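Listing of work38.cif, mmCIF, C-alpha atoms and all ligand atoms
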```
data_coords
#
loop_
_atom_site.label_atom_id
_atom_site.label_comp_id
_atom_site.auth_asym_id
_atom_site.auth_seq_id
_atom_site.Cartn_x
_atom_site.Cartn_y
_atom_site.Cartn_z
CA MET K 11 110.74 104.66 80.09
CA SER K 12 107.86 103.49 82.28
CA THR K 13 107.29 99.89 83.25
CA LYS K 14 104.30 98.19 84.82
CA LEU K 15 104.24 98.71 88.57
CA LYS K 16 103.97 95.40 90.46
CA ASP K 17 104.07 96.71 94.04
CA LEU K 18 103.54 99.94 95.95
CA LEU K 19 106.55 99.70 98.26
CA ARG K 20 107.04 103.44 98.71
CA THR K 21 105.35 106.70 97.76
CA ALA K 22 108.08 107.44 95.21
CA ASP K 23 107.03 104.35 93.20
CA LEU K 24 104.01 106.27 91.87
CA SER K 25 103.93 108.49 88.81
CA LYS K 26 101.60 111.47 88.68
CA ALA K 27 99.49 109.60 86.12
CA ASP K 28 99.17 106.68 88.57
CA VAL K 29 98.04 109.01 91.35
CA GLU K 30 95.50 110.73 89.10
CA LEU K 31 94.08 107.37 88.00
CA LEU K 32 93.88 106.13 91.59
CA LEU K 33 92.17 109.30 92.81
CA ASP K 34 89.66 109.25 89.92
CA THR K 35 88.77 105.63 90.69
CA ALA K 36 88.66 106.24 94.44
CA ALA K 37 86.21 109.12 93.90
CA LYS K 38 83.97 106.66 92.05
CA PHE K 39 84.26 104.15 94.91
CA ALA K 40 83.32 106.95 97.33
CA ASN K 41 80.01 107.37 95.49
CA ASN K 42 79.41 103.71 94.78
CA PRO K 43 81.45 101.35 97.01
CA LEU K 44 80.18 98.23 95.21
CA ARG K 45 80.71 99.37 91.60
CA SER K 46 83.40 96.70 91.08
CA LYS K 47 82.03 94.12 93.45
CA LYS K 48 83.43 91.16 91.49
CA ALA K 49 86.93 92.49 90.80
CA LEU K 50 88.47 90.24 93.47
CA ALA K 51 85.76 87.55 93.47
CA LYS K 52 87.02 84.18 94.74
CA ARG K 53 90.34 85.79 95.65
CA THR K 54 92.00 86.51 98.99
CA VAL K 55 94.19 89.38 100.12
CA ALA K 56 96.61 88.97 103.02
CA ILE K 57 96.92 91.88 105.45
CA TYR K 58 100.06 91.38 107.53
CA MET K 59 100.75 93.79 110.38
CA THR K 60 103.42 93.92 113.08
CA LYS K 61 102.27 97.37 114.30
CA SER K 62 98.89 98.57 115.60
CA SER K 63 96.27 99.91 113.21
CA THR K 64 92.68 101.12 113.37
CA ARG K 65 92.06 102.91 110.04
CA THR K 66 94.40 101.06 107.71
CA ARG K 67 93.22 97.65 108.84
CA LEU K 68 89.55 98.63 108.61
CA ALA K 69 90.09 100.35 105.25
CA SER K 70 91.99 97.37 103.84
CA GLU K 71 89.53 94.71 105.03
CA THR K 72 86.47 96.65 103.85
CA ALA K 73 88.13 97.53 100.53
CA VAL K 74 88.81 93.86 99.82
CA ALA K 75 85.24 92.93 100.80
CA HIS K 76 83.77 95.66 98.55
CA LEU K 77 85.77 94.23 95.64
CA GLY K 78 84.26 90.80 96.30
CA GLY K 79 87.35 89.27 97.84
CA THR K 80 88.18 87.84 101.26
CA PRO K 81 90.70 89.55 103.54
CA VAL K 82 93.00 87.33 105.62
CA PHE K 83 94.45 89.20 108.56
CA LEU K 84 97.86 87.97 109.73
CA ARG K 85 99.36 89.22 112.98
CA GLY K 86 103.13 89.33 112.94
CA ASP K 87 103.48 87.52 116.26
CA GLU K 88 101.25 84.65 115.10
CA LEU K 89 103.22 83.80 111.97
CA GLN K 90 106.30 81.58 111.88
CA ILE K 91 108.20 84.69 110.78
CA GLY K 92 108.15 85.65 114.49
CA ARG K 93 110.02 82.39 115.18
CA GLY K 94 112.68 82.92 112.56
CA GLU K 95 111.14 81.85 109.24
CA SER K 96 112.68 84.00 106.54
CA ILE K 97 110.90 86.89 104.86
CA SER K 98 111.58 85.38 101.45
CA ASP K 99 110.01 82.02 102.36
CA THR K 100 107.03 83.82 103.91
CA ALA K 101 106.58 85.91 100.75
CA LYS K 102 106.56 82.80 98.58
CA ILE K 103 104.03 81.03 100.82
CA ILE K 104 101.64 84.01 100.94
CA SER K 105 101.93 84.30 97.14
CA GLY K 106 100.68 80.72 96.87
CA PHE K 107 97.47 81.47 98.72
CA CYS K 108 96.63 85.12 98.10
CA SER K 109 96.28 87.62 95.25
CA ALA K 110 97.87 90.59 97.04
CA LEU K 111 99.69 91.38 100.28
CA ILE K 112 99.16 94.53 102.33
CA VAL K 113 101.90 94.94 104.93
CA ARG K 114 102.54 97.25 107.88
CA THR K 115 105.84 96.87 109.71
CA PHE K 116 108.95 98.65 111.00
CA ALA K 117 111.80 98.36 108.49
CA GLN K 118 111.30 99.55 104.93
CA SER K 119 113.85 96.91 103.89
CA ASP K 120 111.47 94.16 105.09
CA VAL K 121 108.72 95.48 102.81
CA ASP K 122 111.22 95.72 99.94
CA GLU K 123 112.21 92.09 100.54
CA LEU K 124 108.58 90.95 100.58
CA GLY K 125 108.09 92.78 97.27
CA LYS K 126 111.17 91.11 95.81
CA PHE K 127 110.18 87.56 96.72
CA ALA K 128 106.37 87.74 96.42
CA SER K 129 104.92 87.03 92.99
CA ILE K 130 101.78 88.98 93.96
CA PRO K 131 101.41 92.78 94.42
CA VAL K 132 102.76 94.01 97.77
CA ILE K 133 101.42 97.25 99.27
CA ASN K 134 103.22 99.24 101.96
CA ALA K 135 100.63 100.07 104.64
CA LEU K 136 103.20 102.02 106.74
CA THR K 137 106.82 101.57 107.62
CA ASP K 138 109.18 103.63 109.77
CA ASP K 139 110.04 105.58 106.59
CA ASP K 140 106.88 105.90 104.56
CA HIS K 141 103.06 105.77 104.43
CA PRO K 142 102.03 105.79 100.76
CA THR K 143 98.39 104.68 101.14
CA GLN K 144 97.78 107.51 103.63
CA LEU K 145 98.95 110.06 101.09
CA LEU K 146 96.50 108.80 98.49
CA ALA K 147 93.64 109.45 100.91
CA ASP K 148 95.13 112.83 101.77
CA TRP K 149 95.41 113.94 98.17
CA LEU K 150 91.87 112.84 97.34
CA THR K 151 90.68 114.95 100.29
CA ILE K 152 92.79 117.87 99.02
CA ARG K 153 91.39 117.47 95.51
CA GLU K 154 87.81 117.42 96.81
CA LYS K 155 88.44 120.69 98.62
CA PHE K 156 90.57 122.64 96.14
CA GLY K 157 90.10 120.90 92.76
CA LYS K 158 92.98 120.04 90.45
CA ASN K 159 94.41 123.54 90.10
CA ILE K 160 96.87 123.77 92.96
CA LYS K 161 98.97 126.64 91.58
CA GLU K 162 99.50 129.43 94.11
CA ARG K 163 98.64 127.04 96.97
CA LYS K 164 101.00 126.01 99.76
CA PHE K 165 100.74 122.59 101.42
CA VAL K 166 102.38 122.59 104.82
CA TYR K 167 103.25 119.73 107.17
CA VAL K 168 104.16 120.80 110.70
CA GLY K 169 105.77 118.68 113.46
CA ASP K 170 107.89 115.53 113.59
CA GLY K 171 109.96 114.71 110.49
CA ASN K 172 108.60 111.15 110.45
CA ASN K 173 107.23 108.63 107.93
CA VAL K 174 104.20 110.82 107.15
CA ALA K 175 106.39 113.91 106.69
CA ASN K 176 108.57 111.94 104.27
CA ALA K 177 105.54 110.78 102.31
CA TRP K 178 104.12 114.34 102.34
CA LEU K 179 107.29 115.64 100.67
CA ILE K 180 107.45 112.90 98.07
CA MET K 181 103.75 112.96 97.14
CA GLY K 182 103.77 116.77 96.97
CA ALA K 183 106.77 116.56 94.66
CA ILE K 184 105.03 114.02 92.42
CA MET K 185 101.93 116.23 92.25
CA GLY K 186 103.92 119.36 91.33
CA ALA K 187 102.84 121.16 94.49
CA HIS K 188 104.47 123.76 96.69
CA VAL K 189 105.12 121.61 99.74
CA VAL K 190 106.68 122.74 102.98
CA VAL K 191 107.76 120.65 105.94
CA ALA K 192 108.33 122.61 109.16
CA THR K 193 110.15 120.60 111.84
CA PRO K 194 112.77 121.20 114.51
CA THR K 195 116.30 121.09 113.08
CA GLY K 196 118.52 118.09 113.77
CA LYS K 197 117.23 114.74 115.00
CA TRP K 198 113.57 115.34 114.15
CA ALA K 199 113.97 116.85 110.71
CA PRO K 200 113.21 114.69 107.65
CA LYS K 201 116.15 112.58 106.42
CA SER K 202 118.29 114.43 103.88
CA LEU K 203 117.97 111.50 101.46
CA ILE K 204 114.19 112.03 101.35
CA VAL K 205 114.54 115.78 100.83
CA GLU K 206 117.03 115.12 98.01
CA GLN K 207 114.69 112.64 96.39
CA ALA K 208 111.73 115.04 96.64
CA SER K 209 113.89 117.78 95.11
CA GLU K 210 114.91 115.43 92.31
CA ILE K 211 111.26 114.63 91.52
CA ALA K 212 110.42 118.35 91.75
CA LYS K 213 112.87 119.16 88.96
CA LYS K 214 110.62 117.29 86.54
CA SER K 215 107.21 118.00 88.08
CA GLY K 216 107.68 121.71 88.75
CA ALA K 217 107.04 121.23 92.48
CA LYS K 218 108.61 123.54 95.05
CA ILE K 219 110.09 121.78 98.09
CA GLU K 220 110.88 123.64 101.29
CA VAL K 221 112.14 122.33 104.63
CA THR K 222 112.26 124.87 107.44
CA ASN K 223 112.14 125.31 111.20
CA ASP K 224 110.19 128.57 110.91
CA VAL K 225 106.71 127.29 111.63
CA ARG K 226 105.00 130.69 111.54
CA LEU K 227 106.47 131.59 108.17
CA ALA K 228 105.52 128.13 106.88
CA ALA K 229 101.92 128.55 108.05
CA THR K 230 101.50 132.04 106.61
CA GLY K 231 99.12 131.86 103.66
CA ALA K 232 99.03 128.04 103.71
CA SER K 233 96.08 126.19 102.14
CA VAL K 234 96.75 123.07 104.21
CA ILE K 235 98.22 122.56 107.65
CA TYR K 236 98.92 118.88 108.27
CA THR K 237 100.32 117.31 111.39
CA ASP K 238 100.92 113.89 112.93
CA VAL K 239 101.69 112.39 116.34
CA TRP K 240 104.97 113.34 118.00
CA MET K 241 105.72 109.73 119.04
CA SER K 242 105.35 107.29 116.18
CA MET K 243 105.07 103.53 116.58
CA GLY K 244 108.56 102.22 117.23
CA ASP K 245 109.97 105.57 118.44
CA SER K 246 112.14 105.37 121.51
CA GLU K 247 110.31 106.37 124.72
CA SER K 248 113.62 107.60 126.13
CA ASP K 249 113.46 110.50 123.63
CA ARG K 250 110.00 111.65 124.74
CA ILE K 251 110.91 114.58 127.01
CA GLU K 252 113.59 116.03 124.75
CA LYS K 253 111.47 115.46 121.66
CA PHE K 254 108.30 117.06 123.05
CA ALA K 255 110.28 120.10 124.19
CA ALA K 256 111.70 120.52 120.67
CA LEU K 257 108.27 120.04 119.09
CA LYS K 258 106.24 122.28 121.41
CA PRO K 259 106.52 125.35 119.12
CA PHE K 260 105.15 123.18 116.28
CA MET K 261 101.80 122.44 117.94
CA VAL K 262 98.90 123.37 115.66
CA THR K 263 96.87 125.93 117.59
CA PRO K 264 94.13 128.40 116.62
CA GLU K 265 96.87 131.09 116.60
CA LEU K 266 98.88 129.15 114.02
CA MET K 267 95.75 128.49 111.92
CA ALA K 268 94.99 132.24 112.01
CA LEU K 269 98.08 132.78 109.80
CA THR K 270 96.77 130.52 107.04
CA ALA K 271 94.68 131.31 103.94
CA ALA K 272 91.00 132.11 104.47
CA ASP K 273 89.92 128.80 102.86
CA SER K 274 92.60 126.67 104.56
CA ILE K 275 92.00 123.19 105.94
CA PHE K 276 93.53 121.21 108.80
CA MET K 277 94.61 117.63 108.11
CA HIS K 278 95.85 114.79 110.33
CA CYS K 279 96.34 111.13 109.42
CA LEU K 280 95.14 110.09 112.92
CA PRO K 281 95.40 108.80 115.61
CA ALA K 282 95.56 112.28 117.18
CA HIS K 283 96.76 113.41 120.58
CA ARG K 284 94.81 116.55 121.47
CA GLY K 285 96.93 118.92 123.53
CA GLU K 286 100.17 117.57 122.02
CA GLU K 287 100.58 118.06 118.25
CA VAL K 288 97.18 119.76 117.85
CA SER K 289 94.72 121.60 120.06
CA ALA K 290 91.16 120.30 120.33
CA GLU K 291 89.76 123.59 118.95
CA VAL K 292 91.60 122.98 115.67
CA ILE K 293 91.04 119.26 115.11
CA ASP K 294 87.39 119.48 116.20
CA GLY K 295 86.88 122.87 114.54
CA PRO K 296 85.38 123.97 111.20
CA LYS K 297 88.61 123.78 109.17
CA SER K 298 89.29 120.16 110.09
CA VAL K 299 88.82 117.53 107.35
CA VAL K 300 90.21 114.60 109.34
CA TRP K 301 87.06 112.47 109.15
CA ARG K 302 86.89 112.82 105.36
CA GLN K 303 90.58 111.86 105.19
CA ALA K 304 89.88 108.76 107.28
CA PHE K 305 86.88 107.87 105.07
CA HIS K 306 89.13 108.04 101.99
CA ARG K 307 91.51 105.45 103.44
CA ARG K 308 89.02 102.84 102.22
CA THR K 309 88.18 104.43 98.87
CA THR K 310 91.86 104.85 97.94
CA ILE K 311 93.01 101.42 99.12
CA GLN K 312 90.10 99.97 97.15
CA ALA K 313 91.27 101.85 94.05
CA LEU K 314 94.86 100.75 94.65
CA LEU K 315 93.91 97.08 94.97
CA TYR K 316 91.71 97.35 91.90
CA HIS K 317 94.38 98.87 89.63
CA LEU K 318 97.45 97.11 91.02
CA THR K 319 95.90 93.65 90.62
CA ARG K 320 94.88 94.56 87.04
CA GLY K 321 98.38 95.82 86.22
CA ASP K 322 97.14 99.33 85.34
CA LEU K 323 99.83 101.37 87.11
CA VAL K 324 103.01 102.39 85.30
CA GLY K 325 105.28 103.65 88.08
CA ASN K 326 108.41 105.61 87.27
CA ASN K 327 112.13 105.19 87.03
CA LEU K 328 113.21 106.91 90.21
CA SER K 329 116.11 105.37 92.03
CA LYS K 330 115.14 103.89 95.37
CA VAL K 331 115.89 105.71 98.61
N1 LIG K 401 96.36 106.81 109.65
C1 LIG K 401 96.60 105.51 109.95
O1 LIG K 401 97.40 104.85 109.30
O2 LIG K 401 95.86 105.04 110.98
P1 LIG K 401 96.00 103.61 111.67
O3 LIG K 401 97.34 103.57 112.34
O4 LIG K 401 94.85 103.54 112.64
O5 LIG K 401 95.90 102.56 110.61
N1 LIG K 402 103.70 108.53 112.28
C1 LIG K 402 102.68 107.66 112.83
C2 LIG K 402 101.58 107.46 111.85
C3 LIG K 402 100.44 106.63 112.34
C4 LIG K 402 99.39 106.43 111.30
C5 LIG K 402 103.31 106.33 113.21
O1 LIG K 402 104.12 105.80 112.45
O2 LIG K 402 103.01 105.82 114.30
#
```
I need this file expressed as structure tokens, please.
Amino acid sequence: MSTKLKDLLRTADLSKADVELLLDTAAKFANNPLRSKKALAKRTVAIYMTKSSTRTRLASETAVAHLGGTPVFLRGDELQIGRGESISDTAKIISGFCSALIVRTFAQSDVDELGKFASIPVINALTDDDHPTQLLADWLTIREKFGKNIKERKFVYVGDGNNVANAWLIMGAIMGAHVVVATPTGKWAPKSLIVEQASEIAKKSGAKIEVTNDVRLAATGASVIYTDVWMSMGDSESDRIEKFAALKPFMVTPELMALTAADSIFMHCLPAHRGEEVSAEVIDGPKSVVWRQAFHRRTTIQALLYHLTRGDLVGNNLSKV
């Protein structure tokens, strides 16, 4: 049985119907950014971040403005939370002033706690484990390119088994897609709990989930090759040398792209490090859709704010990871 979704704390909170609704609305906001310019009139949305951000902050602030609201940006180190005020007290205080809270931080459990104690919608704008708003932008970009019929297509993430890889698996599972994550085995593979959850979702959606270390096999015939930085925010610098050595075979090069389908695209959530996870020829080449992806960060966050604050999303009953 579905219930109304209050927060987007993780990618797995969304049902396929929610994603379809959000992408339909985001496509409308892409054509006409001000079509709901009074939806958040006289309301404020808090954007609280303890990690760096270029796209997500810009997308969130402009999305709120386009809906007629006022964004309030809160840096983690400027709040009393940095001096020991509890997450639950902070959540209650923000709920008294604002209509929604967008949060980027390290621990997923902190976002869960904010969701528990805030009376307003809370949106995960990236944690160490997940990046749900990114995946909305990614899937709108995919839909623009390939349409809704994704049968016979393979959607491949290559590189570090990080928050974006986790979200790639879960969103692909929700969408009923054939998703592959190609990473080194061991420390930099996606967590088994995430793979299990994606497989669980796939049983109902008809998705096919594959995790492999064979990057060439993964890339062969792929419609999408997606990658992300090899050092995420919060990763330990002491791992850099060992990690980069393990990831070197997973760099997206023109040779790897040559194995993909004729109409394939290259995706990256950005920021990118040319010469590390991707070569400049690929990210700046004709198959790259990274700028469209970045553009859709705003359209999809705008759609998310619009529908979450109206109570339009249903969510699902999946157990939490
Ligand atoms: N893709 C993404 O989340 O970018 P930022 O870190 O710049 O927000
Ligand atoms: N995996 C990256 C994504 C940045 C948008 C990080 O967490 O730093």
Can you write out as CSV which residues of chain K fall within 7 Å of ligand LIG 401 (chain K), alongside each residue's closest atom pair and its distance in Å to one decimal, counting only C-alpha atoms and all ligand atoms and ordering rows by chain and ascending residue number?
```
residue,atom,partner,partner_atom,distance
K:Ser62,CA,K:LIG401,O3,6.2
K:Ser63,CA,K:LIG401,O5,3.7
K:Thr64,CA,K:LIG401,O4,3.3
K:Arg65,CA,K:LIG401,O4,3.9
K:Thr66,CA,K:LIG401,O5,3.6
K:Arg67,CA,K:LIG401,O5,5.9
K:Leu136,CA,K:LIG401,O1,6.9
K:Gln144,CA,K:LIG401,N1,6.2
K:Cys279,CA,K:LIG401,N1,4.3
K:Leu280,CA,K:LIG401,N1,4.8
K:Pro281,CA,K:LIG401,O2,6.0
```
Within 7 Å of ligand LIG 402 (chain K), which residues show up when you count all atoms listed in the file? List them as a PyMOL selection string, please.
chain K and resi 136-138+172-174+238-239+241-243+279-281
Give me, as JSON lines, each residue of region 79-197 of chain K that comes within 12 Å of region 215-219 of chain K, together with its shortest interatomic pair and the distance in Å at one decimal, counting all atoms listed in the file, with rows ordered by chain and rising residue number.
```
{"residue": "K:Ile160", "atom": "CA", "partner": "K:Ala217", "partner_atom": "CA", "distance": 10.5}
{"residue": "K:Lys161", "atom": "CA", "partner": "K:Ala217", "partner_atom": "CA", "distance": 9.8}
{"residue": "K:Glu162", "atom": "CA", "partner": "K:Lys218", "partner_atom": "CA", "distance": 10.9}
{"residue": "K:Arg163", "atom": "CA", "partner": "K:Lys218", "partner_atom": "CA", "distance": 10.7}
{"residue": "K:Lys164", "atom": "CA", "partner": "K:Lys218", "partner_atom": "CA", "distance": 9.3}
{"residue": "K:Phe165", "atom": "CA", "partner": "K:Ile219", "partner_atom": "CA", "distance": 10.0}
{"residue": "K:Val166", "atom": "CA", "partner": "K:Ile219", "partner_atom": "CA", "distance": 10.3}
{"residue": "K:Tyr167", "atom": "CA", "partner": "K:Ile219", "partner_atom": "CA", "distance": 11.6}
{"residue": "K:Asn176", "atom": "CA", "partner": "K:Ile219", "partner_atom": "CA", "distance": 11.7}
{"residue": "K:Trp178", "atom": "CA", "partner": "K:Ile219", "partner_atom": "CA", "distance": 10.4}
{"residue": "K:Leu179", "atom": "CA", "partner": "K:Ile219", "partner_atom": "CA", "distance": 7.2}
{"residue": "K:Ile180", "atom": "CA", "partner": "K:Ile219", "partner_atom": "CA", "distance": 9.3}
{"residue": "K:Met181", "atom": "CA", "partner": "K:Ala217", "partner_atom": "CA", "distance": 10.0}
{"residue": "K:Gly182", "atom": "CA", "partner": "K:Ala217", "partner_atom": "CA", "distance": 7.1}
{"residue": "K:Ala183", "atom": "CA", "partner": "K:Ala217", "partner_atom": "CA", "distance": 5.2}
{"residue": "K:Ile184", "atom": "CA", "partner": "K:Ser215", "partner_atom": "CA", "distance": 6.3}
{"residue": "K:Met185", "atom": "CA", "partner": "K:Ser215", "partner_atom": "CA", "distance": 7.0}
{"residue": "K:Gly186", "atom": "CA", "partner": "K:Ala217", "partner_atom": "CA", "distance": 3.8}
{"residue": "K:Ala187", "atom": "CA", "partner": "K:Ala217", "partner_atom": "CA", "distance": 4.7}
{"residue": "K:His188", "atom": "CA", "partner": "K:Lys218", "partner_atom": "CA", "distance": 4.5}
{"residue": "K:Val189", "atom": "CA", "partner": "K:Ile219", "partner_atom": "CA", "distance": 5.2}
{"residue": "K:Val190", "atom": "CA", "partner": "K:Ile219", "partner_atom": "CA", "distance": 6.0}
{"residue": "K:Val191", "atom": "CA", "partner": "K:Ile219", "partner_atom": "CA", "distance": 8.3}
{"residue": "K:Ala192", "atom": "CA", "partner": "K:Ile219", "partner_atom": "CA", "distance": 11.2}
```
Counting only C-alpha atoms, which residue out of K:Ala128, K:Val168, K:Ala40, K:Ala255 sits closest to Asp224 (chain K)?
K:Val168
Of the residues K:Gln207, K:Thr319, K:Ser298, K:Asn41, which is the one nearest to Thr54 (chain K), using all atoms listed in the file?
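With all atoms listed in the file as the atom set, the closest residue is K:Thr319.
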Mind checking which residues fall within 6 Å of region 86-103 of chain K, counting all atoms listed in the file, ignoring those fewer than 6 positions away in the same chain, and posting them as a PyMOL selection string?
chain K and resi 59-60+124+127-128
Those selected residues, please, written with C-alpha atoms and delivered as a PDB file, in the coordinates of the input.
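So the final result, stored in result03.pdb, reads:
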```
ATOM      1  CA  MET K  59     100.750  93.790 110.380  1.00  0.00           C
ATOM      2  CA  THR K  60     103.420  93.920 113.080  1.00  0.00           C
ATOM      3  CA  LEU K 124     108.580  90.950 100.580  1.00  0.00           C
ATOM      4  CA  PHE K 127     110.180  87.560  96.720  1.00  0.00           C
ATOM      5  CA  ALA K 128     106.370  87.740  96.420  1.00  0.00           C
TER       6      ALA K 128
END
```
Applying 10 Å and only C-alpha atoms, which residues near Val288 (chain K) remain after dropping the ones on its own chain fewer than 2 positions away? List them as a list in words.
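Close residues of Val288 (chain K): Gly169, Tyr236, Thr237, Asp238, Val239, Phe260, Met261, Val262, Thr263, Pro264, Phe276, His278, Ala282, His283, Arg284, Gly285, Glu286, Ala290, Glu291, Val292, Ile293 and Asp294 of chain K.
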May I have the selected residues written with C-alpha atoms, as a CSV table (one decimal), in the coordinates of the input?
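Ended up saving to out.csv:
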```csv
chain,number,residue,atom,x,y,z
K,169,GLY,CA,105.8,118.7,113.5
K,236,TYR,CA,98.9,118.9,108.3
K,237,THR,CA,100.3,117.3,111.4
K,238,ASP,CA,100.9,113.9,112.9
K,239,VAL,CA,101.7,112.4,116.3
K,260,PHE,CA,105.2,123.2,116.3
K,261,MET,CA,101.8,122.4,117.9
K,262,VAL,CA,98.9,123.4,115.7
K,263,THR,CA,96.9,125.9,117.6
K,264,PRO,CA,94.1,128.4,116.6
K,276,PHE,CA,93.5,121.2,108.8
K,278,HIS,CA,95.8,114.8,110.3
K,282,ALA,CA,95.6,112.3,117.2
K,283,HIS,CA,96.8,113.4,120.6
K,284,ARG,CA,94.8,116.6,121.5
K,285,GLY,CA,96.9,118.9,123.5
K,286,GLU,CA,100.2,117.6,122.0
K,290,ALA,CA,91.2,120.3,120.3
K,291,GLU,CA,89.8,123.6,119.0
K,292,VAL,CA,91.6,123.0,115.7
K,293,ILE,CA,91.0,119.3,115.1
K,294,ASP,CA,87.4,119.5,116.2
```
Excluding Pro81 (chain K) and any residue of its chain fewer than 6 positions from it, enumerate the residues within 12 Å of it, using only C-alpha atoms, and give them as a PyMOL selection string.
chain K and resi 50-58+67-75+107-112+315
If you measure from CA of Ser46 (chain K) to CA of Gly78 (chain K), what distance in Å do you get, rounded to one decimal?
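Those two atoms sit 7.9 Å apart.
Of the residues listed (K:Arg320, K:Arg85, K:Lys197, K:Arg153), K:Arg153 shows the shortest atom-to-atom separation from Ile275 (chain K); distances use all atoms listed in the file.
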Between CA of Phe156 (chain K) and CA of Thr310 (chain K), what is the distance, to one decimal in Å?
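Separation of CA of Phe156 (chain K) and CA of Thr310 (chain K): 17.9 Å.
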Measuring atom to atom with all atoms listed in the file, identify which of K:Val225, K:Ala49, K:Leu84, K:Val121 is nearest to Ile133 (chain K).
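Counting all atoms listed in the file, the residue closest to Ile133 (chain K) is K:Val121.
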Spatial neighbours of Ala22 (chain K), max dist 12 Å, all atoms listed in the file, sep filter under 3 positions, as a VMD selection string:
chain K and resid 15 17 to 19 25 to 26 28 to 29 134 139 to 143 145 176 to 185 204 to 205 207 to 212 325 to 331
Since the input lacks atoms, please generate N, CA, C and O atoms for region 236-249 of chain K and provide them as a compact mmCIF listing (two decimals), in the coordinates of the input.
```
# COMPACT_ATOMS: atom_id res chain seq x y z
N TYR K 236 99.02 120.32 107.99
CA TYR K 236 98.92 118.88 108.27
C TYR K 236 99.84 118.58 109.44
O TYR K 236 100.97 119.10 109.50
N THR K 237 99.38 117.77 110.37
CA THR K 237 100.32 117.31 111.39
C THR K 237 100.08 115.84 111.73
O THR K 237 99.13 115.22 111.24
N ASP K 238 100.96 115.30 112.54
CA ASP K 238 100.92 113.89 112.93
C ASP K 238 101.44 113.78 114.36
O ASP K 238 102.02 114.74 114.89
N VAL K 239 101.24 112.62 114.96
CA VAL K 239 101.69 112.39 116.34
C VAL K 239 103.18 112.70 116.51
O VAL K 239 103.95 112.60 115.56
N TRP K 240 103.56 113.05 117.73
CA TRP K 240 104.97 113.34 118.00
C TRP K 240 105.75 112.07 118.39
O TRP K 240 106.98 112.07 118.38
N MET K 241 105.05 111.02 118.80
CA MET K 241 105.72 109.73 119.04
C MET K 241 105.10 108.71 118.10
O MET K 241 103.94 108.33 118.28
N SER K 242 105.84 108.30 117.11
CA SER K 242 105.35 107.29 116.18
C SER K 242 105.58 105.89 116.75
O SER K 242 106.41 105.71 117.65
N MET K 243 104.88 104.93 116.17
CA MET K 243 105.07 103.53 116.58
C MET K 243 106.53 103.15 116.33
O MET K 243 107.05 103.37 115.23
N GLY K 244 107.16 102.62 117.36
CA GLY K 244 108.56 102.22 117.23
C GLY K 244 109.54 103.29 117.70
O GLY K 244 110.72 103.02 117.86
N ASP K 245 109.06 104.53 117.93
CA ASP K 245 109.97 105.57 118.44
C ASP K 245 110.40 105.24 119.86
O ASP K 245 109.64 104.64 120.63
N SER K 246 111.59 105.69 120.20
CA SER K 246 112.14 105.37 121.51
C SER K 246 111.53 106.26 122.60
O SER K 246 111.64 107.50 122.54
N GLU K 247 110.93 105.64 123.60
CA GLU K 247 110.31 106.37 124.72
C GLU K 247 111.34 107.23 125.45
O GLU K 247 110.99 108.25 126.05
N SER K 248 112.60 106.83 125.40
CA SER K 248 113.62 107.60 126.13
C SER K 248 113.82 108.99 125.50
O SER K 248 114.40 109.87 126.14
N ASP K 249 113.34 109.19 124.29
CA ASP K 249 113.46 110.50 123.63
C ASP K 249 112.31 111.44 123.97
O ASP K 249 112.35 112.61 123.61
```
